[in-house]
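Heads up: the structure comes next, in structure tokens.
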Amino acid sequence: MKKFAIALSAPALGISAASAADLPARTHTKAPPPSLVAVYDWSGFYIGVNGGGGGGQNCWNFVSAGFDAGCHNVRGGVVGGQIGYNWQASNFVVGVELSGDWANLRGSNVPVLATSGTDNSHVSSIFMATARAGYAWDRALLYVKGGAAWVHQDYFRTCNGITATGACLPVGFTPTTGSETRVGGVVGTGFEYAVTNNVILGIEGDFLPLGTRDNTFNARPTYSCGAGPGQPCTIAVKENLWTVTGRLGWKFGGPVVARY
């Protein structure tokens, strides 16, 4: 029986072996290599312009006369430019920036204890030197900043005429003036987007806590601001400012990098 079974299976094994020999050789396909993606690189120099608005509060204290003159808000426009440099590592971006703006922030108030005159403030320029740190999603960048600020401003008092608290004539006359360039701090945040490889649009908000400073005001010969007629007097001014600006920039250098 064994010999008979082997005899019957031999032709079938031959057919199977022949069929296997006719099959094509198995091929091994390699996985496709990872594709390269162009990602925006924020590294490099940039220069640009900005414009918007600002405001804040000035509080005066007539140190020489010994009375608090109260506070007034300043409001107005700002316009200027900025220049800086960014470094990018992975999604993190750090940089430094210098900016300067012409400003026209004005405000005034009539002190309760000296209604014969109006106290006025005029912020005329704002400069900042800051460091920036942010996180980038390809062409979008969200950042914070901080550093030093320099603010130039003029102070003056204008006459309102004869009042219950005395006379300051003629109306509109400026009997006492002062000015200063104040150094303080600045903190801010902003968002930028690279519209093209070089053109960048953004928006930024900054807060400038400038503290309290004593200022020497000059008085006209017939007017006294606390130190006698015609004598300079000391007025302490406490100030905080803020600005919100739109930004348009041009970036130099390689705009994109290849990443897997």
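Just remember, in the structure tokens the first chain shown is A, the second B, etc., residues are 1-based per chain, and ligands are 1-based in the order shown.
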Pull the closest atom pair for each residue of stretch 166-192 of chain A that gets at most 6 Å from stretch 200-219 of chain A, along with the distance in Å to one decimal, counting only C-alpha atoms, ordering rows by chain and then ascending residue number, as a Markdown table.
```
| residue | atom | partner | partner_atom | distance |
| --- | --- | --- | --- | --- |
| A:Pro175 | CA | A:Ala219 | CA | 5.8 |
| A:Thr176 | CA | A:Ala219 | CA | 4.3 |
| A:Thr177 | CA | A:Phe217 | CA | 5.2 |
| A:Gly178 | CA | A:Phe217 | CA | 4.5 |
| A:Gly184 | CA | A:Leu210 | CA | 4.6 |
| A:Gly185 | CA | A:Leu208 | CA | 5.7 |
| A:Val186 | CA | A:Leu208 | CA | 4.5 |
| A:Val187 | CA | A:Phe207 | CA | 5.5 |
| A:Gly188 | CA | A:Asp206 | CA | 4.1 |
| A:Thr189 | CA | A:Gly205 | CA | 5.7 |
| A:Gly190 | CA | A:Glu204 | CA | 4.1 |
| A:Phe191 | CA | A:Gly202 | CA | 5.4 |
| A:Glu192 | CA | A:Gly202 | CA | 4.0 |
```
Write a file of the just-selected residues containing N, CA and C atoms, as an mmCIF file, in the first residue's frame.
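Printed below is result17.cif as written:
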```
data_model
loop_
_atom_site.group_PDB
_atom_site.id
_atom_site.type_symbol
_atom_site.label_atom_id
_atom_site.label_comp_id
_atom_site.auth_asym_id
_atom_site.auth_seq_id
_atom_site.Cartn_x
_atom_site.Cartn_y
_atom_site.Cartn_z
ATOM 1 N N PRO A 175 2.701 131.007 31.965
ATOM 2 C CA PRO A 175 3.598 131.596 32.961
ATOM 3 C C PRO A 175 4.731 130.678 33.417
ATOM 4 N N THR A 176 4.588 129.383 33.241
ATOM 5 C CA THR A 176 5.625 128.462 33.699
ATOM 6 C C THR A 176 5.704 127.258 32.765
ATOM 7 N N THR A 177 6.935 126.783 32.520
ATOM 8 C CA THR A 177 7.162 125.679 31.580
ATOM 9 C C THR A 177 8.245 124.752 32.112
ATOM 10 N N GLY A 178 8.240 123.521 31.615
ATOM 11 C CA GLY A 178 9.280 122.553 31.925
ATOM 12 C C GLY A 178 9.347 121.497 30.838
ATOM 13 N N GLY A 184 12.742 105.020 31.457
ATOM 14 C CA GLY A 184 11.936 104.077 32.219
ATOM 15 C C GLY A 184 11.944 102.707 31.571
ATOM 16 N N GLY A 185 11.019 101.875 31.960
ATOM 17 C CA GLY A 185 10.938 100.526 31.427
ATOM 18 C C GLY A 185 9.831 100.378 30.410
ATOM 19 N N VAL A 186 9.819 99.236 29.722
ATOM 20 C CA VAL A 186 8.758 98.917 28.779
ATOM 21 C C VAL A 186 8.587 97.403 28.731
ATOM 22 N N VAL A 187 7.335 96.951 28.703
ATOM 23 C CA VAL A 187 6.997 95.550 28.467
ATOM 24 C C VAL A 187 5.906 95.543 27.397
ATOM 25 N N GLY A 188 5.878 94.483 26.595
ATOM 26 C CA GLY A 188 4.886 94.439 25.526
ATOM 27 C C GLY A 188 4.723 93.058 24.950
ATOM 28 N N THR A 189 3.806 92.952 24.014
ATOM 29 C CA THR A 189 3.555 91.705 23.303
ATOM 30 C C THR A 189 3.097 92.036 21.896
ATOM 31 N N GLY A 190 3.272 91.084 20.985
ATOM 32 C CA GLY A 190 2.892 91.346 19.605
ATOM 33 C C GLY A 190 2.722 90.070 18.804
ATOM 34 N N PHE A 191 2.187 90.247 17.614
ATOM 35 C CA PHE A 191 1.978 89.141 16.671
ATOM 36 C C PHE A 191 2.418 89.595 15.288
ATOM 37 N N GLU A 192 3.181 88.742 14.590
ATOM 38 C CA GLU A 192 3.644 89.056 13.243
ATOM 39 C C GLU A 192 3.354 87.884 12.304
#
```
Please provide the set of residues having any atom within 7 Å of stretch 80-92 of chain A, restricted to only C-alpha atoms, with same-chain residues fewer than 2 positions apart removed, written as JSON, numbers by chain. {"A": [41, 42, 43, 44, 45, 46, 47, 48, 49, 50, 51, 78, 94, 95, 96, 97, 98, 99, 100, 101, 102, 134, 135, 136, 137]}
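Nearest residue to A:Asn58, choosing from A:Gly77, A:Gly107, A:Gly230, A:Gly246 and counting only C-alpha atoms: A:Gly107.
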From a DSSP pass on the backbone, collect the residues of stretch 27-230 of chain A flagged as strand (DSSP E or B) and hand them back as a PDB file with C-alpha atoms, in the first residue's frame.
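To be explicit, this is the file written out as part.pdb:
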```pdb
ATOM      1  CA  VAL A  37       8.863  70.646   3.718  1.00  0.00           C
ATOM      2  CA  ALA A  38       9.821  74.296   3.304  1.00  0.00           C
ATOM      3  CA  VAL A  39       9.400  76.077   6.662  1.00  0.00           C
ATOM      4  CA  TYR A  40       9.774  79.820   7.160  1.00  0.00           C
ATOM      5  CA  GLY A  44      17.983  87.630  10.049  1.00  0.00           C
ATOM      6  CA  PHE A  45      17.915  91.419  10.043  1.00  0.00           C
ATOM      7  CA  TYR A  46      14.705  93.392   9.550  1.00  0.00           C
ATOM      8  CA  ILE A  47      13.688  97.019   9.223  1.00  0.00           C
ATOM      9  CA  GLY A  48      10.244  98.596   9.101  1.00  0.00           C
ATOM     10  CA  VAL A  49       7.761 101.317   9.946  1.00  0.00           C
ATOM     11  CA  ASN A  50       4.949 101.501  12.479  1.00  0.00           C
ATOM     12  CA  GLY A  51       2.027 103.730  13.351  1.00  0.00           C
ATOM     13  CA  GLY A  52      -0.913 103.859  15.705  1.00  0.00           C
ATOM     14  CA  GLY A  53      -2.014 105.498  18.919  1.00  0.00           C
ATOM     15  CA  GLY A  54      -1.094 105.864  22.536  1.00  0.00           C
ATOM     16  CA  GLY A  55      -2.089 107.326  25.833  1.00  0.00           C
ATOM     17  CA  GLY A  56      -1.462 107.349  29.529  1.00  0.00           C
ATOM     18  CA  GLN A  57      -1.711 109.407  32.680  1.00  0.00           C
ATOM     19  CA  ASN A  58       0.341 112.250  34.179  1.00  0.00           C
ATOM     20  CA  CYS A  59      -0.097 113.282  37.807  1.00  0.00           C
ATOM     21  CA  TRP A  60       1.434 116.558  39.002  1.00  0.00           C
ATOM     22  CA  ASN A  61       2.459 117.566  42.510  1.00  0.00           C
ATOM     23  CA  PHE A  62       3.689 121.111  43.142  1.00  0.00           C
ATOM     24  CA  PHE A  67      -0.154 120.861  46.981  1.00  0.00           C
ATOM     25  CA  ASP A  68      -1.301 118.022  44.732  1.00  0.00           C
ATOM     26  CA  ALA A  69      -2.450 119.291  41.320  1.00  0.00           C
ATOM     27  CA  GLY A  70      -4.240 116.068  40.311  1.00  0.00           C
ATOM     28  CA  CYS A  71      -3.967 113.951  37.168  1.00  0.00           C
ATOM     29  CA  HIS A  72      -4.821 114.184  33.486  1.00  0.00           C
ATOM     30  CA  ASN A  73      -4.897 111.647  30.664  1.00  0.00           C
ATOM     31  CA  VAL A  74      -2.841 112.090  27.496  1.00  0.00           C
ATOM     32  CA  ARG A  75      -3.979 110.733  24.120  1.00  0.00           C
ATOM     33  CA  GLY A  76      -2.773 110.951  20.541  1.00  0.00           C
ATOM     34  CA  GLY A  77      -0.965 109.341  17.640  1.00  0.00           C
ATOM     35  CA  VAL A  78       2.490 107.817  17.158  1.00  0.00           C
ATOM     36  CA  VAL A  79       4.453 106.994  13.992  1.00  0.00           C
ATOM     37  CA  GLY A  80       8.008 105.802  13.500  1.00  0.00           C
ATOM     38  CA  GLY A  81      10.250 102.884  12.617  1.00  0.00           C
ATOM     39  CA  GLN A  82      12.098  99.872  13.975  1.00  0.00           C
ATOM     40  CA  ILE A  83      15.213  97.817  13.213  1.00  0.00           C
ATOM     41  CA  GLY A  84      16.273  94.512  14.713  1.00  0.00           C
ATOM     42  CA  TYR A  85      17.653  90.985  14.394  1.00  0.00           C
ATOM     43  CA  ASN A  86      16.095  87.573  15.123  1.00  0.00           C
ATOM     44  CA  TRP A  87      17.592  84.155  15.810  1.00  0.00           C
ATOM     45  CA  GLN A  88      15.468  80.992  15.418  1.00  0.00           C
ATOM     46  CA  ALA A  89      16.089  77.537  16.927  1.00  0.00           C
ATOM     47  CA  PHE A  92      11.666  79.403  19.328  1.00  0.00           C
ATOM     48  CA  VAL A  93      12.664  82.885  18.209  1.00  0.00           C
ATOM     49  CA  VAL A  94      14.699  85.439  20.171  1.00  0.00           C
ATOM     50  CA  GLY A  95      15.847  88.862  19.042  1.00  0.00           C
ATOM     51  CA  VAL A  96      16.789  92.455  19.805  1.00  0.00           C
ATOM     52  CA  GLU A  97      15.122  95.619  18.517  1.00  0.00           C
ATOM     53  CA  LEU A  98      15.532  99.403  18.485  1.00  0.00           C
ATOM     54  CA  SER A  99      12.513 101.599  17.733  1.00  0.00           C
ATOM     55  CA  GLY A 100      11.793 105.299  17.621  1.00  0.00           C
ATOM     56  CA  ASP A 101       8.468 107.111  17.264  1.00  0.00           C
ATOM     57  CA  TRP A 102       7.340 110.675  16.860  1.00  0.00           C
ATOM     58  CA  ALA A 103       4.419 111.178  19.233  1.00  0.00           C
ATOM     59  CA  ASN A 104       1.679 113.735  19.752  1.00  0.00           C
ATOM     60  CA  LEU A 105       0.140 112.711  23.069  1.00  0.00           C
ATOM     61  CA  ARG A 106      -1.573 115.635  24.813  1.00  0.00           C
ATOM     62  CA  GLY A 107      -3.671 116.121  27.929  1.00  0.00           C
ATOM     63  CA  SER A 108      -4.582 118.698  30.593  1.00  0.00           C
ATOM     64  CA  ASN A 109      -6.534 119.355  33.790  1.00  0.00           C
ATOM     65  CA  GLY A 117      -4.501 127.883  35.481  1.00  0.00           C
ATOM     66  CA  THR A 118      -4.553 124.661  33.444  1.00  0.00           C
ATOM     67  CA  ASP A 119      -1.745 122.082  33.651  1.00  0.00           C
ATOM     68  CA  ASN A 120      -0.700 120.601  30.269  1.00  0.00           C
ATOM     69  CA  SER A 121       1.498 117.692  29.166  1.00  0.00           C
ATOM     70  CA  HIS A 122       2.780 116.932  25.650  1.00  0.00           C
ATOM     71  CA  VAL A 123       4.697 113.711  24.888  1.00  0.00           C
ATOM     72  CA  SER A 124       6.660 114.305  21.668  1.00  0.00           C
ATOM     73  CA  SER A 125       8.848 111.201  21.178  1.00  0.00           C
ATOM     74  CA  ILE A 126       9.228 107.615  22.393  1.00  0.00           C
ATOM     75  CA  PHE A 127      12.339 105.447  21.920  1.00  0.00           C
ATOM     76  CA  MET A 128      12.728 101.804  22.986  1.00  0.00           C
ATOM     77  CA  ALA A 129      15.578  99.277  23.205  1.00  0.00           C
ATOM     78  CA  THR A 130      14.172  95.803  23.855  1.00  0.00           C
ATOM     79  CA  ALA A 131      14.802  92.065  23.776  1.00  0.00           C
ATOM     80  CA  ARG A 132      12.136  89.800  22.231  1.00  0.00           C
ATOM     81  CA  ALA A 133      11.263  86.120  22.752  1.00  0.00           C
ATOM     82  CA  GLY A 134       8.563  84.232  20.888  1.00  0.00           C
ATOM     83  CA  TYR A 135       7.184  81.026  19.411  1.00  0.00           C
ATOM     84  CA  ALA A 136       6.719  80.546  15.664  1.00  0.00           C
ATOM     85  CA  TRP A 137       4.204  78.454  13.754  1.00  0.00           C
ATOM     86  CA  ALA A 140       3.200  83.209  12.257  1.00  0.00           C
ATOM     87  CA  LEU A 141       5.095  84.551  15.290  1.00  0.00           C
ATOM     88  CA  LEU A 142       3.758  85.401  18.756  1.00  0.00           C
ATOM     89  CA  TYR A 143       6.225  87.208  21.027  1.00  0.00           C
ATOM     90  CA  VAL A 144       6.773  89.163  24.234  1.00  0.00           C
ATOM     91  CA  LYS A 145       9.323  91.929  24.748  1.00  0.00           C
ATOM     92  CA  GLY A 146      10.916  94.003  27.482  1.00  0.00           C
ATOM     93  CA  GLY A 147      13.608  96.603  27.956  1.00  0.00           C
ATOM     94  CA  ALA A 148      14.206 100.334  28.364  1.00  0.00           C
ATOM     95  CA  ALA A 149      12.325 103.370  27.071  1.00  0.00           C
ATOM     96  CA  TRP A 150      13.202 107.049  26.615  1.00  0.00           C
ATOM     97  CA  VAL A 151      10.312 109.545  26.493  1.00  0.00           C
ATOM     98  CA  HIS A 152      10.623 113.269  25.755  1.00  0.00           C
ATOM     99  CA  GLN A 153       7.869 115.618  26.853  1.00  0.00           C
ATOM    100  CA  ASP A 154       7.028 119.224  27.583  1.00  0.00           C
ATOM    101  CA  TYR A 155       4.999 120.594  30.494  1.00  0.00           C
ATOM    102  CA  PHE A 156       3.355 124.009  30.732  1.00  0.00           C
ATOM    103  CA  ARG A 157       0.673 125.887  32.598  1.00  0.00           C
ATOM    104  CA  THR A 158      -1.770 128.229  30.840  1.00  0.00           C
ATOM    105  CA  CYS A 159      -3.802 131.023  32.430  1.00  0.00           C
ATOM    106  CA  THR A 163     -10.815 133.015  39.504  1.00  0.00           C
ATOM    107  CA  GLY A 166      -6.424 134.104  42.272  1.00  0.00           C
ATOM    108  CA  THR A 176       5.625 128.462  33.699  1.00  0.00           C
ATOM    109  CA  THR A 177       7.162 125.679  31.580  1.00  0.00           C
ATOM    110  CA  GLY A 178       9.280 122.553  31.925  1.00  0.00           C
ATOM    111  CA  SER A 179      10.600 119.686  29.818  1.00  0.00           C
ATOM    112  CA  GLU A 180      12.453 116.412  30.265  1.00  0.00           C
ATOM    113  CA  THR A 181      13.618 113.204  28.622  1.00  0.00           C
ATOM    114  CA  ARG A 182      12.579 110.451  31.005  1.00  0.00           C
ATOM    115  CA  VAL A 183      14.139 106.962  31.143  1.00  0.00           C
ATOM    116  CA  GLY A 184      11.936 104.077  32.219  1.00  0.00           C
ATOM    117  CA  GLY A 185      10.938 100.526  31.427  1.00  0.00           C
ATOM    118  CA  VAL A 186       8.758  98.917  28.779  1.00  0.00           C
ATOM    119  CA  VAL A 187       6.997  95.550  28.467  1.00  0.00           C
ATOM    120  CA  GLY A 188       4.886  94.439  25.526  1.00  0.00           C
ATOM    121  CA  THR A 189       3.555  91.705  23.303  1.00  0.00           C
ATOM    122  CA  GLY A 190       2.892  91.346  19.605  1.00  0.00           C
ATOM    123  CA  PHE A 191       1.978  89.141  16.671  1.00  0.00           C
ATOM    124  CA  GLU A 192       3.644  89.056  13.243  1.00  0.00           C
ATOM    125  CA  TYR A 193       2.923  87.205  10.005  1.00  0.00           C
ATOM    126  CA  ALA A 194       5.228  86.792   7.016  1.00  0.00           C
ATOM    127  CA  VAL A 199       7.285  91.332   3.841  1.00  0.00           C
ATOM    128  CA  ILE A 200       6.054  91.051   7.439  1.00  0.00           C
ATOM    129  CA  LEU A 201       2.858  92.516   8.902  1.00  0.00           C
ATOM    130  CA  GLY A 202       2.220  92.782  12.634  1.00  0.00           C
ATOM    131  CA  ILE A 203       0.526  94.434  15.570  1.00  0.00           C
ATOM    132  CA  GLU A 204       2.111  95.307  18.931  1.00  0.00           C
ATOM    133  CA  GLY A 205       1.031  96.705  22.285  1.00  0.00           C
ATOM    134  CA  ASP A 206       3.454  98.214  24.842  1.00  0.00           C
ATOM    135  CA  PHE A 207       3.175  99.504  28.407  1.00  0.00           C
ATOM    136  CA  LEU A 208       5.698 102.013  29.751  1.00  0.00           C
ATOM    137  CA  PRO A 209       5.827 102.395  33.571  1.00  0.00           C
ATOM    138  CA  LEU A 210       7.877 105.588  33.906  1.00  0.00           C
ATOM    139  CA  GLY A 211       7.624 106.254  37.635  1.00  0.00           C
ATOM    140  CA  THR A 212       7.792 109.626  39.391  1.00  0.00           C
ATOM    141  CA  ARG A 213      10.399 112.307  38.648  1.00  0.00           C
ATOM    142  CA  ASP A 214      11.039 115.803  40.016  1.00  0.00           C
ATOM    143  CA  ASN A 215      11.134 118.469  37.309  1.00  0.00           C
ATOM    144  CA  THR A 216      12.326 122.065  37.441  1.00  0.00           C
ATOM    145  CA  PHE A 217       9.784 124.471  35.952  1.00  0.00           C
ATOM    146  CA  ASN A 218      10.831 127.967  34.898  1.00  0.00           C
ATOM    147  CA  ALA A 219       8.489 130.820  35.906  1.00  0.00           C
TER     148      ALA A 219
END
```
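Between atom CA of A:Gly226 and atom CA of A:Thr174 the separation is 15.7 Å.
Our summary of the geometry notes that atom CA of A:Ser64 is positioned 13.5 Å from atom CA of A:Tyr223.
Between atom CA of A:Ala65 and atom CA of A:Cys233 lies a distance of 8.2 Å.
Proximity of A:Asn198, A:Asn240, A:Ser224, A:Thr234 to A:Ala167, computed with only C-alpha atoms, is greatest for A:Ser224.
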